[in-house]
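Just below is one structure, and these are the notes that go with it.
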Amino acid sequence: MNFKIKEGLYGVGVIDNAVRVFHGYETPVGTTYNAYIQVDEKITLIDTVKGTFAIQLLENIKSVLGERTIDYIIVNHAEPDHSGSIVEVLQQYPAAKLYGTSNCEKAMKIFYPSIGDNFNIVKAGDTLCTGKKTFEFCPMPMIHWPDSMATYLQEDKILFSNDAFGQHTGLGHLFDTDLGLMSLIERAGDYYANIVLPYSPQVAKLLDTLSSKTIDMICPAHGVILTEHAKDIVQKYSDWSNGITDEKLVSIIYDTMWGTTDKIAKNLYNEYTAKGFHVKLLSLSSCHYSNAMSHLLESKYIFVGSSTLNNNMLPTVIAFLTYMKGLKPKNRVGLAFGSYGWSGESIPQIEKILTECGFDMLPSIKTIWNI
Ligand code: FEO
């Protein structure tokens, strides 16, 4: 993946269309690891890529720079999907100087001891002049690691946002206009629900910081570059980070042993559809928990059901609830439901977890099996 974004700015990242699981998050259409080259009097590389793609990154860089060399490398984030090629890049371009936050330096020195003291720590508002262009650093701690940072190219009004505003989509689209607004929102929402959601307070802070800047383009570290639809995704981030949900949207997420819990789920579906709600019915026997998570991002109502198995919930439901609780959705209404043969622990267990999530609870539904 090597393409011109605008005069002097190139995408040199890679497509990973084979990856299907990203630390527990299912990625059905793969992803990209985006890196960018800014050519000015000095040459800057913004981020690298996962280590297994280092050779491809170096080829992409070479095809842009020829015999020129890299002067600066901005390390927006130390997670290995963005820093994993740093050693190979520095072997090729040993004079390049690294720039990132102090937390980034700490992580990079642990991950890649060979970088030694080649690291310049930057703070909010610090700048790096490359000749005619100026990069401004905007740390965004806990979106989603302590070291995370965005970088703003002042003259071109471009935000290199790293994980923020990203999407896991590896189908080869380069720009938001290639993907289309509906698919873009779907992929960005999926990403927000599974990665960014617990850090919504930090997102609100970032959006406040960015509100004083004009942003014509967002170049994230995953997925397509945002141009025409940048404002749409920034607005979505504002809604998602403020816990704004669709008051008429219900997600019913469940698993069943012999069909009784499935019947309860479908009765709930019929009941709420008849009341004028839009209802999503998601069986965890066929829907991965991370996929369920993206469906519930905008749901006001989250209903969770399980049969009782060995005095417990079904394993798929335990996995989903553990995952969802960690992602901290806010301002929701919950309902626990399920079936049982002789004990029925699953229903109070679900209710307990939904309550711990801070949900307002509707009365539970507990039904003896009825095959
Ligand atoms: Fe895409 Fe936090 O790494």
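Note on naming: chains are A, B, ... as they come in the structure tokens, residues start from 1 per chain, ligands start from 1 in the order shown.
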Could you pull the residues within 10 Å of stretch 128-138 of chain A, counting only C-alpha atoms, minus those fewer than 6 positions along the same chain, as an MDAnalysis selection string? chainID A and resid 38:44 71:72 74 76 99:101 122 148:161 206 209:210
Protein and nucleic residues near ligand 1, 6 Å, only C-alpha atoms and all ligand atoms, as a ChimeraX atom specification: /A:79,81,163
For the selection you just gave me, I'd like the residues written to a file as a PDB file, in the first residue's frame, keeping N, CA, C and O atoms.
```
ATOM      1  N   GLU A  79       2.185   0.580  20.960  1.00  0.00           N
ATOM      2  CA  GLU A  79       1.652  -0.770  20.774  1.00  0.00           C
ATOM      3  C   GLU A  79       2.253  -1.367  19.497  1.00  0.00           C
ATOM      4  O   GLU A  79       2.411  -0.671  18.484  1.00  0.00           O
ATOM      5  N   ASP A  81       1.467  -3.020  16.953  1.00  0.00           N
ATOM      6  CA  ASP A  81       0.921  -2.913  15.597  1.00  0.00           C
ATOM      7  C   ASP A  81       1.345  -1.603  14.926  1.00  0.00           C
ATOM      8  O   ASP A  81       1.228  -1.461  13.707  1.00  0.00           O
ATOM      9  N   ASP A 163      -4.722   5.512  16.874  1.00  0.00           N
ATOM     10  CA  ASP A 163      -5.877   4.621  17.017  1.00  0.00           C
ATOM     11  C   ASP A 163      -7.213   5.378  16.997  1.00  0.00           C
ATOM     12  O   ASP A 163      -8.236   4.805  16.583  1.00  0.00           O
TER      13      ASP A 163
END
```
Of the listed residues A:Ile253, A:Ile15, A:Ala230, A:Ile365, that which approaches A:Leu181 most closely, counting only C-alpha atoms: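 Selected residue with least distance to A:Leu181: A:Ala230.
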Extract the full set of helix (DSSP H, G or I) residues from stretch 269-355 of chain A according to DSSP on the backbone, and format it as a PyMOL selection string. chain A and resi 269-274+289-295+315-327+346-355
Based on the selection just made, write N, CA and C atoms of those residues as a CSV table (one decimal), in the first residue's frame.
```csv
chain,number,residue,atom,x,y,z
A,269,TYR,N,-38.5,-10.1,21.6
A,269,TYR,CA,-38.4,-9.5,20.3
A,269,TYR,C,-39.8,-9.0,19.8
A,270,ASN,N,-40.7,-10.0,19.8
A,270,ASN,CA,-42.1,-9.7,19.4
A,270,ASN,C,-42.7,-8.6,20.2
A,271,GLU,N,-42.5,-8.7,21.5
A,271,GLU,CA,-43.1,-7.7,22.4
A,271,GLU,C,-42.6,-6.3,22.1
A,272,TYR,N,-41.3,-6.1,22.0
A,272,TYR,CA,-40.7,-4.8,21.9
A,272,TYR,C,-40.9,-4.3,20.4
A,273,THR,N,-40.9,-5.2,19.5
A,273,THR,CA,-41.2,-4.7,18.1
A,273,THR,C,-42.6,-4.2,18.0
A,274,ALA,N,-43.5,-4.9,18.7
A,274,ALA,CA,-44.9,-4.4,18.7
A,274,ALA,C,-45.1,-3.1,19.3
A,289,TYR,N,-18.8,-12.4,20.5
A,289,TYR,CA,-19.1,-11.4,21.5
A,289,TYR,C,-18.7,-10.0,21.1
A,290,SER,N,-17.6,-9.9,20.3
A,290,SER,CA,-17.1,-8.5,19.9
A,290,SER,C,-18.1,-8.0,18.9
A,291,ASN,N,-18.7,-8.8,18.1
A,291,ASN,CA,-19.7,-8.4,17.1
A,291,ASN,C,-20.9,-7.9,17.8
A,292,ALA,N,-21.3,-8.7,18.9
A,292,ALA,CA,-22.5,-8.3,19.7
A,292,ALA,C,-22.2,-6.9,20.3
A,293,MET,N,-21.0,-6.7,20.7
A,293,MET,CA,-20.6,-5.4,21.3
A,293,MET,C,-20.8,-4.3,20.4
A,294,SER,N,-20.5,-4.4,19.1
A,294,SER,CA,-20.6,-3.3,18.2
A,294,SER,C,-22.1,-3.1,17.9
A,295,HIS,N,-22.9,-4.1,17.9
A,295,HIS,CA,-24.4,-3.9,17.7
A,295,HIS,C,-25.0,-3.1,18.9
A,315,PRO,N,-21.1,-20.7,28.8
A,315,PRO,CA,-19.8,-20.1,28.6
A,315,PRO,C,-19.8,-18.9,27.7
A,316,THR,N,-20.6,-19.0,26.6
A,316,THR,CA,-20.6,-17.9,25.6
A,316,THR,C,-21.1,-16.6,26.3
A,317,VAL,N,-22.1,-16.7,27.2
A,317,VAL,CA,-22.7,-15.6,27.8
A,317,VAL,C,-21.7,-15.0,28.9
A,318,ILE,N,-21.0,-15.9,29.6
A,318,ILE,CA,-20.0,-15.4,30.6
A,318,ILE,C,-19.0,-14.6,29.8
A,319,ALA,N,-18.5,-15.1,28.7
A,319,ALA,CA,-17.5,-14.4,27.9
A,319,ALA,C,-18.0,-13.1,27.5
A,320,PHE,N,-19.2,-13.0,26.9
A,320,PHE,CA,-19.8,-11.8,26.5
A,320,PHE,C,-19.9,-10.7,27.6
A,321,LEU,N,-20.4,-11.2,28.8
A,321,LEU,CA,-20.6,-10.3,29.9
A,321,LEU,C,-19.3,-9.8,30.5
A,322,THR,N,-18.3,-10.6,30.5
A,322,THR,CA,-17.0,-10.2,31.0
A,322,THR,C,-16.4,-9.2,30.1
A,323,TYR,N,-16.5,-9.4,28.8
A,323,TYR,CA,-16.0,-8.5,27.8
A,323,TYR,C,-16.7,-7.2,27.8
A,324,MET,N,-18.1,-7.2,27.9
A,324,MET,CA,-18.9,-6.0,27.9
A,324,MET,C,-18.6,-5.2,29.1
A,325,LYS,N,-18.5,-5.8,30.3
A,325,LYS,CA,-18.3,-5.1,31.5
A,325,LYS,C,-17.0,-4.3,31.5
A,326,GLY,N,-16.0,-4.9,30.9
A,326,GLY,CA,-14.7,-4.2,30.8
A,326,GLY,C,-14.8,-3.0,29.9
A,327,LEU,N,-15.7,-3.0,28.9
A,327,LEU,CA,-15.8,-1.9,27.9
A,327,LEU,C,-16.7,-0.8,28.5
A,346,SER,N,-28.4,-18.9,36.5
A,346,SER,CA,-27.9,-18.0,35.4
A,346,SER,C,-28.5,-16.6,35.4
A,347,ILE,N,-29.8,-16.6,35.8
A,347,ILE,CA,-30.6,-15.3,35.7
A,347,ILE,C,-30.1,-14.3,36.7
A,348,PRO,N,-30.0,-14.7,38.0
A,348,PRO,CA,-29.5,-13.7,39.0
A,348,PRO,C,-28.0,-13.4,38.7
A,349,GLN,N,-27.3,-14.3,38.1
A,349,GLN,CA,-25.9,-14.0,37.8
A,349,GLN,C,-25.8,-12.9,36.7
A,350,ILE,N,-26.7,-13.0,35.7
A,350,ILE,CA,-26.7,-12.0,34.7
A,350,ILE,C,-27.1,-10.7,35.3
A,351,GLU,N,-28.2,-10.7,36.1
A,351,GLU,CA,-28.7,-9.5,36.7
A,351,GLU,C,-27.6,-8.8,37.5
A,352,LYS,N,-26.9,-9.6,38.2
A,352,LYS,CA,-25.8,-9.0,39.1
A,352,LYS,C,-24.8,-8.3,38.2
A,353,ILE,N,-24.4,-8.9,37.1
A,353,ILE,CA,-23.3,-8.2,36.3
A,353,ILE,C,-23.9,-7.0,35.6
A,354,LEU,N,-25.1,-7.0,35.1
A,354,LEU,CA,-25.7,-5.9,34.5
A,354,LEU,C,-25.9,-4.7,35.5
A,355,THR,N,-26.2,-5.1,36.7
A,355,THR,CA,-26.3,-4.1,37.8
A,355,THR,C,-25.0,-3.5,38.1
```
